>>> print(open('work.txt').read())   # compact mmCIF, C-alpha atoms
# COMPACT_ATOMS: atom_id res chain seq x y z
CA MET S 1 -161.32 -87.37 115.99
CA ALA S 2 -160.77 -89.50 119.10
CA ASN S 3 -157.23 -88.35 119.72
CA THR S 4 -158.16 -84.66 119.51
CA LEU S 5 -160.79 -84.82 122.25
CA ARG S 6 -159.77 -83.30 125.56
CA PHE S 7 -160.88 -85.02 128.77
CA LEU S 8 -161.10 -83.66 132.31
CA ILE S 9 -160.72 -86.37 134.97
CA VAL S 10 -162.11 -85.38 138.37
CA ASP S 11 -161.39 -87.49 141.45
CA ASP S 12 -160.02 -86.73 144.92
CA PHE S 13 -157.79 -89.82 144.77
CA SER S 14 -154.74 -89.27 142.57
CA THR S 15 -154.42 -93.04 142.09
CA MET S 16 -157.81 -93.18 140.42
CA ARG S 17 -157.09 -90.11 138.27
CA ARG S 18 -153.91 -91.77 137.01
CA ILE S 19 -155.71 -95.05 136.33
CA VAL S 20 -158.47 -93.35 134.32
CA ARG S 21 -155.97 -91.18 132.49
CA ASN S 22 -153.85 -94.19 131.52
CA LEU S 23 -156.89 -96.18 130.42
CA LEU S 24 -158.08 -93.32 128.24
CA LYS S 25 -154.60 -93.04 126.77
CA GLU S 26 -154.60 -96.76 125.96
CA SER S 27 -157.92 -96.21 124.18
CA GLY S 28 -156.42 -93.46 122.07
CA TYR S 29 -157.61 -90.42 124.04
CA THR S 30 -154.29 -88.82 124.78
CA GLU S 31 -155.42 -85.31 125.73
CA ALA S 32 -156.44 -85.14 129.39
CA ASP S 33 -156.15 -82.97 132.46
CA GLU S 34 -157.02 -83.65 136.09
CA ALA S 35 -158.84 -81.96 138.97
CA GLU S 36 -159.10 -83.12 142.59
CA ASP S 37 -162.64 -81.93 143.28
CA GLY S 38 -165.63 -80.15 141.77
CA VAL S 39 -164.36 -76.66 142.56
CA ALA S 40 -161.02 -77.24 140.82
CA ALA S 41 -162.84 -78.91 137.94
CA LEU S 42 -165.21 -75.97 137.39
CA ASN S 43 -162.28 -73.60 137.47
CA LYS S 44 -160.52 -75.57 134.74
CA LEU S 45 -163.67 -76.02 132.70
CA ARG S 46 -164.34 -72.28 132.72
CA ASN S 47 -160.79 -71.39 131.74
CA SER S 48 -159.89 -73.98 129.18
CA ARG S 49 -161.46 -76.08 126.43
CA PHE S 50 -162.63 -79.60 127.28
CA ASP S 51 -164.81 -82.06 125.37
CA PHE S 52 -165.58 -84.68 127.99
CA VAL S 53 -165.77 -84.88 131.79
CA VAL S 54 -165.15 -88.08 133.77
CA THR S 55 -165.96 -87.48 137.42
CA ASP S 56 -166.12 -89.22 140.76
CA ILE S 57 -169.07 -88.38 143.04
CA ASN S 58 -167.83 -88.54 146.63
CA MET S 59 -165.33 -85.67 146.82
CA PRO S 60 -164.66 -82.83 149.28
CA ASN S 61 -165.59 -79.18 148.65
CA MET S 62 -167.90 -79.93 145.74
CA ASN S 63 -169.09 -83.45 145.00
CA GLY S 64 -169.86 -84.98 141.63
CA PHE S 65 -173.61 -84.26 141.80
CA GLN S 66 -172.96 -80.61 142.55
CA LEU S 67 -170.41 -80.43 139.74
CA LEU S 68 -172.91 -82.02 137.36
CA ALA S 69 -175.56 -79.46 138.37
CA GLU S 70 -173.10 -76.59 137.87
CA ILE S 71 -172.11 -77.85 134.42
CA LYS S 72 -175.68 -78.41 133.29
CA SER S 73 -176.79 -74.97 134.47
CA ASP S 74 -173.93 -73.18 132.72
CA GLU S 75 -174.77 -72.13 129.17
CA LYS S 76 -171.16 -72.50 128.06
CA LEU S 77 -170.63 -75.91 129.63
CA LYS S 78 -173.96 -77.71 129.50
CA HIS S 79 -173.16 -79.41 126.18
CA LEU S 80 -170.32 -81.33 127.83
CA PRO S 81 -170.92 -85.05 128.38
CA VAL S 82 -170.38 -86.04 132.01
CA LEU S 83 -169.54 -89.65 132.82
CA MET S 84 -169.81 -90.50 136.51
CA VAL S 85 -167.26 -93.09 137.72
CA THR S 86 -168.00 -93.80 141.36
CA ALA S 87 -168.26 -96.22 144.25
CA GLU S 88 -171.77 -94.92 145.00
CA ALA S 89 -173.92 -97.95 144.20
CA ARG S 90 -177.31 -96.90 145.56
CA LYS S 91 -180.06 -96.98 142.95
CA GLU S 92 -181.26 -93.55 144.06
CA ASP S 93 -177.82 -92.11 143.23
CA ILE S 94 -177.83 -93.67 139.76
CA VAL S 95 -181.32 -92.32 139.09
CA ALA S 96 -180.34 -88.89 140.41
CA ALA S 97 -177.28 -88.82 138.12
CA ALA S 98 -179.37 -89.74 135.09
CA GLN S 99 -182.02 -87.17 135.93
CA GLY S 100 -179.33 -84.58 136.54
CA GLY S 101 -178.06 -84.97 133.01
CA ALA S 102 -175.16 -87.42 133.36
CA ALA S 103 -174.27 -89.12 130.10
CA GLY S 104 -173.22 -92.35 131.81
CA TYR S 105 -172.60 -94.05 135.14
CA ILE S 106 -169.89 -96.55 136.00
CA VAL S 107 -169.57 -98.23 139.40
CA LYS S 108 -166.14 -98.89 140.87
CA PRO S 109 -164.37 -101.21 140.67
CA PHE S 110 -164.64 -101.23 136.88
CA THR S 111 -162.75 -102.72 133.95
CA LYS S 112 -160.89 -101.14 131.09
CA ALA S 113 -163.48 -102.55 128.69
CA THR S 114 -166.34 -100.89 130.60
CA LEU S 115 -164.73 -97.45 130.50
CA GLU S 116 -163.83 -97.85 126.84
CA GLU S 117 -167.36 -98.95 125.94
CA LYS S 118 -169.13 -96.18 127.86
CA VAL S 119 -166.91 -93.44 126.46
CA ALA S 120 -167.34 -94.77 122.92
CA ASN S 121 -171.15 -95.01 123.33
CA ILE S 122 -171.42 -91.47 124.65
CA LEU S 123 -169.25 -90.09 121.84
CA LYS S 124 -171.32 -92.03 119.30
CA LYS S 125 -174.56 -90.57 120.66
CA MET S 126 -173.03 -87.13 120.36
CA GLY S 127 -171.99 -87.83 116.81
CA LEU S 128 -168.29 -87.48 117.63
CA MET M 1 -158.33 -104.60 222.16
CA ASP M 2 -154.64 -104.38 221.28
CA THR M 3 -152.99 -102.11 218.73
CA SER M 4 -153.22 -104.63 215.86
CA ASP M 5 -156.94 -105.16 216.48
CA SER M 6 -157.61 -101.45 216.32
CA THR M 7 -155.52 -101.19 213.12
CA GLN M 8 -157.50 -104.05 211.50
CA SER M 9 -160.74 -102.46 212.55
CA ALA M 10 -159.71 -99.13 211.08
CA SER M 11 -158.59 -100.86 207.87
CA HIS M 12 -161.94 -102.69 207.60
CA GLY M 13 -163.66 -99.38 208.05
CA ASP M 14 -161.60 -97.87 205.21
CA VAL M 15 -162.51 -100.72 202.84
CA THR M 16 -166.18 -100.35 203.65
CA ASP M 17 -165.87 -96.64 203.05
CA VAL M 18 -164.17 -97.19 199.68
CA HIS M 19 -166.90 -99.66 198.67
CA GLN M 20 -169.54 -97.16 199.60
CA LYS M 21 -167.78 -94.45 197.61
CA ILE M 22 -167.47 -96.70 194.54
CA GLY M 23 -171.14 -97.59 194.86
CA HIS M 24 -172.01 -93.93 195.14
CA LEU M 25 -169.87 -93.02 192.10
CA THR M 26 -171.42 -95.83 190.08
CA ARG M 27 -174.90 -94.59 190.89
CA GLN M 28 -173.85 -91.02 190.01
CA LEU M 29 -172.41 -92.20 186.71
CA HIS M 30 -175.55 -94.18 185.94
CA ASN M 31 -177.77 -91.21 186.75
CA ALA M 32 -175.53 -88.82 184.84
CA LEU M 33 -175.61 -91.04 181.78
CA ASN M 34 -179.38 -91.16 181.90
CA GLU M 35 -179.87 -87.48 182.64
CA LEU M 36 -177.47 -86.36 179.95
CA GLY M 37 -178.89 -88.72 177.42
CA TYR M 38 -175.56 -90.40 176.90
CA THR M 39 -176.96 -93.88 177.37
CA GLU M 40 -178.84 -93.62 174.11
CA ARG M 41 -176.03 -91.80 172.32
CA LEU M 42 -173.41 -94.31 173.36
CA ARG M 43 -175.76 -97.15 172.52
CA GLY M 44 -176.29 -95.57 169.11
CA THR M 45 -172.57 -95.28 168.48
CA MET M 46 -171.94 -98.81 169.66
CA GLY M 47 -174.60 -99.90 167.20
CA GLU M 48 -172.32 -98.69 164.42
CA LEU M 49 -169.43 -100.85 165.54
CA PRO M 50 -170.57 -104.00 163.69
CA ASP M 51 -170.67 -101.81 160.58
CA ALA M 52 -167.10 -100.68 161.30
CA LYS M 53 -166.11 -104.34 161.66
CA SER M 54 -167.72 -105.11 158.32
CA ARG M 55 -165.90 -102.15 156.74
CA LEU M 56 -162.54 -103.30 158.08
CA SER M 57 -163.20 -106.80 156.73
CA TYR M 58 -163.98 -105.21 153.37
CA ILE M 59 -160.63 -103.38 153.42
CA ALA M 60 -158.80 -106.61 154.28
CA ARG M 61 -160.58 -108.45 151.46
CA LEU M 62 -159.99 -105.74 148.86
CA THR M 63 -156.31 -105.26 149.67
CA GLY M 64 -155.81 -109.03 149.74
CA GLU M 65 -157.46 -109.45 146.34
CA ALA M 66 -155.39 -106.60 144.88
CA ALA M 67 -152.15 -108.14 146.16
CA GLU M 68 -153.12 -111.56 144.74
CA LYS M 69 -154.01 -110.05 141.38
CA VAL M 70 -150.72 -108.15 141.16
CA LEU M 71 -148.61 -111.14 142.20
CA ASN M 72 -150.40 -113.45 139.72
CA ARG M 73 -149.81 -111.04 136.87
CA VAL M 74 -146.18 -110.44 137.83
CA GLU M 75 -145.51 -114.19 137.98
CA LEU M 76 -147.09 -114.70 134.55
CA ALA M 77 -145.20 -111.77 133.05
CA LYS M 78 -141.86 -112.91 134.49
CA SER M 79 -142.36 -116.42 133.15
CA GLU M 80 -143.16 -115.05 129.69
CA GLN M 81 -140.17 -112.70 129.86
CA ASP M 82 -137.89 -115.64 130.71
CA GLU M 83 -139.17 -117.56 127.69
CA LEU M 84 -138.68 -114.54 125.47
CA ALA M 85 -135.12 -114.05 126.71
CA SER M 86 -134.37 -117.71 126.07
CA ASP M 87 -135.88 -117.56 122.53
CA THR M 88 -133.88 -114.41 121.80
CA GLN M 89 -130.63 -116.13 122.72
CA ALA M 90 -131.48 -119.11 120.50
CA VAL M 91 -132.40 -116.95 117.49
CA LYS M 92 -129.27 -114.83 118.01
CA ALA M 93 -127.11 -117.98 118.00
CA ALA M 94 -128.86 -119.25 114.83
CA LEU M 95 -128.30 -115.91 113.11
CA ILE M 96 -124.60 -115.92 113.98
CA LYS M 97 -124.20 -119.51 112.85
CA ASP M 98 -126.04 -119.25 109.54
CA PRO M 99 -127.87 -115.98 108.89
CA VAL M 100 -129.25 -117.00 105.50
CA ARG M 101 -130.73 -120.22 106.80
CA ALA M 102 -132.15 -118.51 109.90
CA VAL M 103 -134.05 -116.07 107.69
CA ALA M 104 -134.96 -118.53 104.92
CA SER M 105 -136.33 -121.10 107.37
CA GLY M 106 -138.75 -118.53 108.70
CA ARG M 107 -137.30 -118.80 112.20
CA LEU M 108 -136.57 -115.09 112.41
CA LEU M 109 -140.05 -114.17 111.21
CA ASN M 110 -141.65 -116.57 113.68
CA TYR M 111 -139.58 -115.06 116.43
CA LEU M 112 -140.67 -111.52 115.54
CA ALA M 113 -144.32 -112.61 115.49
CA ASP M 114 -143.79 -114.14 118.92
CA VAL M 115 -142.24 -110.91 120.23
CA GLU M 116 -145.27 -108.97 118.97
CA LYS M 117 -147.66 -111.37 120.72
CA ARG M 118 -145.73 -111.35 123.97
CA THR M 119 -145.51 -107.56 123.94
CA ARG M 120 -149.29 -107.39 123.77
CA GLU M 121 -149.54 -109.86 126.66
CA ALA M 122 -147.05 -107.85 128.72
CA ASP M 123 -149.13 -104.74 128.09
CA SER M 124 -152.24 -106.58 129.26
CA HIS M 125 -150.45 -107.65 132.47
CA LEU M 126 -149.37 -104.06 133.12
CA THR M 127 -152.93 -102.79 132.59
CA GLU M 128 -154.30 -105.35 135.06
CA ILE M 129 -151.61 -104.43 137.60
CA MET M 130 -152.59 -100.78 137.19
CA MET M 131 -156.30 -101.59 137.59
CA ALA M 132 -155.55 -103.51 140.79
CA GLN M 133 -154.47 -100.21 142.35
CA ASP M 134 -158.08 -99.02 142.42
CA PHE M 135 -158.31 -100.57 145.90
CA HIS M 136 -156.60 -97.40 147.18
CA ASP M 137 -159.59 -95.25 146.28
CA LEU M 138 -162.21 -97.69 147.59
CA THR M 139 -160.46 -98.56 150.84
CA GLY M 140 -159.54 -94.91 151.38
CA GLN M 141 -163.21 -93.95 151.43
CA VAL M 142 -164.05 -96.77 153.85
CA ILE M 143 -161.12 -95.98 156.16
CA ALA M 144 -162.27 -92.35 156.34
CA ARG M 145 -165.66 -93.53 157.62
CA VAL M 146 -164.15 -95.82 160.26
CA VAL M 147 -161.86 -93.02 161.44
CA SER M 148 -164.89 -90.74 161.67
CA LEU M 149 -166.69 -93.32 163.85
CA ALA M 150 -163.65 -93.65 166.15
CA ALA M 151 -163.50 -89.86 166.47
CA THR M 152 -167.21 -89.74 167.38
CA ILE M 153 -166.77 -92.35 170.13
CA GLU M 154 -163.72 -90.54 171.47
CA GLU M 155 -165.58 -87.24 171.49
CA GLN M 156 -168.56 -88.71 173.34
CA LEU M 157 -166.35 -90.34 175.95
CA VAL M 158 -164.41 -87.12 176.50
CA GLN M 159 -167.67 -85.20 176.96
CA LEU M 160 -168.85 -87.86 179.40
CA VAL M 161 -165.67 -87.55 181.46
CA ILE M 162 -165.95 -83.76 181.49
CA GLN M 163 -169.59 -83.77 182.54
CA THR M 164 -169.22 -86.39 185.27
CA ALA M 165 -166.01 -85.00 186.76
CA PRO M 166 -166.25 -83.91 190.46
CA ASN M 167 -165.62 -80.30 189.43
CA PRO M 168 -167.05 -80.10 185.95
CA VAL M 169 -165.22 -77.75 183.64
CA ALA M 170 -167.17 -75.55 181.31
CA LEU M 171 -168.83 -77.79 178.80
CA GLN M 172 -167.99 -77.26 175.21
CA THR M 173 -170.81 -78.56 173.12
CA PRO M 174 -169.27 -80.52 170.27
CA ALA M 175 -170.24 -79.48 166.82
CA PRO M 176 -172.46 -82.16 165.35
CA ALA M 177 -170.55 -84.35 162.92
CA PRO M 178 -171.66 -83.62 159.38
CA ARG M 179 -174.03 -86.26 158.21
CA GLU M 180 -172.65 -87.61 155.01
CA HIS M 181 -175.25 -87.87 152.33
CA LEU M 182 -173.25 -90.25 150.19
CA ALA M 183 -172.93 -93.87 151.20
CA GLY M 184 -169.54 -94.72 149.71
CA PRO M 185 -168.49 -98.21 148.65
CA VAL M 186 -170.96 -100.98 149.46
CA VAL M 187 -169.10 -103.22 151.87
CA ASP M 188 -171.87 -105.77 152.36
CA PRO M 189 -174.04 -105.88 149.22
CA GLU M 190 -176.05 -108.90 150.35
CA HIS M 191 -177.42 -107.03 153.35
CA THR M 192 -177.69 -103.58 151.78
CA PRO M 193 -181.03 -102.83 150.14
CA ASP M 194 -181.42 -100.85 146.92
CA VAL M 195 -177.85 -100.99 145.72
CA VAL M 196 -176.36 -102.37 142.53
CA THR M 197 -173.59 -104.93 142.73
CA ASP M 198 -172.15 -104.73 139.23
CA GLN M 199 -172.09 -102.63 136.08
CA SER M 200 -174.75 -104.70 134.30
CA GLN M 201 -177.28 -103.75 136.99
CA VAL M 202 -176.39 -100.08 136.51
CA ASP M 203 -176.92 -100.45 132.77
CA ASP M 204 -180.26 -102.21 133.28
CA LEU M 205 -181.45 -99.53 135.68
CA LEU M 206 -180.46 -96.74 133.29
CA ALA M 207 -182.06 -98.59 130.38
CA SER M 208 -185.31 -98.87 132.36
CA LEU M 209 -185.20 -95.09 132.75
CA GLY M 210 -184.79 -94.65 129.02
CA PHE M 211 -181.08 -93.91 128.99
>>> encode(input="work.txt", output="structure tokens")
Amino acid sequence: MANTLRFLIVDDFSTMRRIVRNLLKESGYTEADEAEDGVAALNKLRNSRFDFVVTDINMPNMNGFQLLAEIKSDEKLKHLPVLMVTAEARKEDIVAAAQGGAAGYIVKPFTKATLEEKVANILKKMGL
Amino acid sequence: MDTSDSTQSASHGDVTDVHQKIGHLTRQLHNALNELGYTERLRGTMGELPDAKSRLSYIARLTGEAAEKVLNRVELAKSEQDELASDTQAVKAALIKDPVRAVASGRLLNYLADVEKRTREADSHLTEIMMAQDFHDLTGQVIARVVSLAATIEEQLVQLVIQTAPNPVALQTPAPAPREHLAGPVVDPEHTPDVVTDQSQVDDLLASLGF
């Protein structure tokens, strides 16, 4: 199942998008697309099929919290797991993400093992 | 009084006049700063400078660590590649000399197992080199904040010059800089309250919330 899941990686830094994409690929998740902010991400989510969203928080136009809120308030998208991968390390941000419906939260800088573990745990909880 | 005396006297008078003018301008500037509220604003901006210094130190540290990590991994990988190249030449020579013996002795099989192991190690080095590039994202966010601070100071100084000029030009009120809600990377975790410093603290916090 793992290799058929389609990921959307959202980050305003292309370096980070490439890193996450390569790490996912190494973990066997070969299907992925990228978006540079929340607006571009929503556009892609509403026009194509995705199974998992990995998003940064601090982005222009629409940040990760706003994207999370949009996803969770959209009947067609709210089932999607959203993993926040961010440099925002304030406790209030972590709590806000959890309360907003995020499936996981990773602080940058992170390791390959951390990303792999969080994605696997989320998929397990979803029964995938 | 001769001509030179009168010249000196006039010159002394000029210097006194200049001093008086400078004193007058200084007082005007001081009053203007107070009246316009710039004293507090400039003081407030200057208060952010130590933070900018801390952010620049953070950038220097992060880029330095990334460079070290990459160089360490490259050195390791190159050393392992050299060994592999040397082993390959030796096995090749053994195969040419006596192919049956090279296979029967298990040398070829051992070599292939070694290649498999070293390939995995090379992949690990490449992953670590890739991960080291995450400094670009983190430092990019911090640099954006320092640039924003520099722009604020510049803007305030320009406004000050405009307002205190002898013939003030029409004042353009600067649009207030958007207050960023998000804090960005934590550059000084020891002196920043209510932040997490590693992933285990995130996990503990989420676990305490029932996640």
>>> interface_residues(input="work.txt", of="chain M", to="chain S", cutoff="12 Å", atoms="all atoms listed in the file", output="compact mmCIF listing (two decimals) with C-alpha atoms, in the frame of the given file")
# COMPACT_ATOMS: atom_id res chain seq x y z
CA LEU M 62 -159.99 -105.74 148.86
CA ALA M 66 -155.39 -106.60 144.88
CA ASP M 123 -149.13 -104.74 128.09
CA SER M 124 -152.24 -106.58 129.26
CA LEU M 126 -149.37 -104.06 133.12
CA THR M 127 -152.93 -102.79 132.59
CA GLU M 128 -154.30 -105.35 135.06
CA ILE M 129 -151.61 -104.43 137.60
CA MET M 130 -152.59 -100.78 137.19
CA MET M 131 -156.30 -101.59 137.59
CA ALA M 132 -155.55 -103.51 140.79
CA GLN M 133 -154.47 -100.21 142.35
CA ASP M 134 -158.08 -99.02 142.42
CA PHE M 135 -158.31 -100.57 145.90
CA HIS M 136 -156.60 -97.40 147.18
CA ASP M 137 -159.59 -95.25 146.28
CA LEU M 138 -162.21 -97.69 147.59
CA THR M 139 -160.46 -98.56 150.84
CA GLY M 140 -159.54 -94.91 151.38
CA GLN M 141 -163.21 -93.95 151.43
CA VAL M 142 -164.05 -96.77 153.85
CA ALA M 144 -162.27 -92.35 156.34
CA GLU M 180 -172.65 -87.61 155.01
CA HIS M 181 -175.25 -87.87 152.33
CA LEU M 182 -173.25 -90.25 150.19
CA ALA M 183 -172.93 -93.87 151.20
CA GLY M 184 -169.54 -94.72 149.71
CA PRO M 185 -168.49 -98.21 148.65
CA VAL M 186 -170.96 -100.98 149.46
CA VAL M 187 -169.10 -103.22 151.87
CA ASP M 188 -171.87 -105.77 152.36
CA PRO M 189 -174.04 -105.88 149.22
CA THR M 192 -177.69 -103.58 151.78
CA PRO M 193 -181.03 -102.83 150.14
CA ASP M 194 -181.42 -100.85 146.92
CA VAL M 195 -177.85 -100.99 145.72
CA VAL M 196 -176.36 -102.37 142.53
CA THR M 197 -173.59 -104.93 142.73
CA ASP M 198 -172.15 -104.73 139.23
CA GLN M 199 -172.09 -102.63 136.08
CA SER M 200 -174.75 -104.70 134.30
CA GLN M 201 -177.28 -103.75 136.99
CA VAL M 202 -176.39 -100.08 136.51
CA ASP M 203 -176.92 -100.45 132.77
CA ASP M 204 -180.26 -102.21 133.28
CA LEU M 205 -181.45 -99.53 135.68
CA LEU M 206 -180.46 -96.74 133.29
CA ALA M 207 -182.06 -98.59 130.38
CA SER M 208 -185.31 -98.87 132.36
CA LEU M 209 -185.20 -95.09 132.75
CA GLY M 210 -184.79 -94.65 129.02
CA PHE M 211 -181.08 -93.91 128.99
>>> atom_distance(input="work.txt", atom1="atom CA of Val82 of chain S", atom2="atom CA of Val53 of chain S")
4.8 Å
>>> residues_around(input="work.txt", residues="segment 77-80 of chain S", least_positions_apart="5", cutoff="10 Å", atoms="all atoms listed in the file", output="ChimeraX atom specification")
/S:42,45-46,49-53,68-72,101-103,126
>>> residues_around(input="work.txt", residues="Tyr111 of chain M", least_positions_apart="6", cutoff="12 Å", atoms="all atoms listed in the file", output="CSV table (one decimal) with C-alpha atoms, in the frame of the given file")
chain,number,residue,atom,x,y,z
M,83,GLU,CA,-139.2,-117.6,127.7
M,84,LEU,CA,-138.7,-114.5,125.5
M,85,ALA,CA,-135.1,-114.0,126.7
M,86,SER,CA,-134.4,-117.7,126.1
M,87,ASP,CA,-135.9,-117.6,122.5
M,88,THR,CA,-133.9,-114.4,121.8
M,89,GLN,CA,-130.6,-116.1,122.7
M,90,ALA,CA,-131.5,-119.1,120.5
M,91,VAL,CA,-132.4,-117.0,117.5
M,92,LYS,CA,-129.3,-114.8,118.0
M,94,ALA,CA,-128.9,-119.2,114.8
M,95,LEU,CA,-128.3,-115.9,113.1
M,102,ALA,CA,-132.2,-118.5,109.9
M,103,VAL,CA,-134.0,-116.1,107.7
M,105,SER,CA,-136.3,-121.1,107.4
M,117,LYS,CA,-147.7,-111.4,120.7
M,118,ARG,CA,-145.7,-111.4,124.0
>>> atom_distance(input="work.txt", atom1="atom CA of Arg145 of chain M", atom2="atom CA of Ala52 of chain M")
8.2 Å
>>> residues_near_point(input="work.txt", point="(-168.6, -88.4, 120.9)", cutoff="9 Å", atoms="only C-alpha atoms", output="ChimeraX atom specification")
/S:1-2,5,51-52,81,119-128
>>> residues_around(input="work.txt", residues="Met62 of chain S", least_positions_apart="3", cutoff="7 Å", atoms="only C-alpha atoms", output="list of chain:residue names")
S:Asp37, S:Gly38, S:Val39, S:Met59, S:Gln66, S:Leu67
>>> closest_residue(input="work.txt", among="M:Glu68, M:Pro50, M:Thr164, M:Val100", to="Asn31 of chain M", atoms="only C-alpha atoms")
M:Thr164
>>> atom_distance(input="work.txt", atom1="atom CA of Arg21 of chain S", atom2="atom CA of Arg6 of chain S")
11.2 Å
>>> closest_residue(input="work.txt", among="S:Ala96, S:Leu83, S:Val10, S:Ala32", to="Pro60 of chain S", atoms="all atoms listed in the file")
S:Val10
>>> closest_residue(input="work.txt", among="S:Leu24, S:Val54, S:Ala41, S:Leu8", to="Val85 of chain S", atoms="all atoms listed in the file")
S:Val54
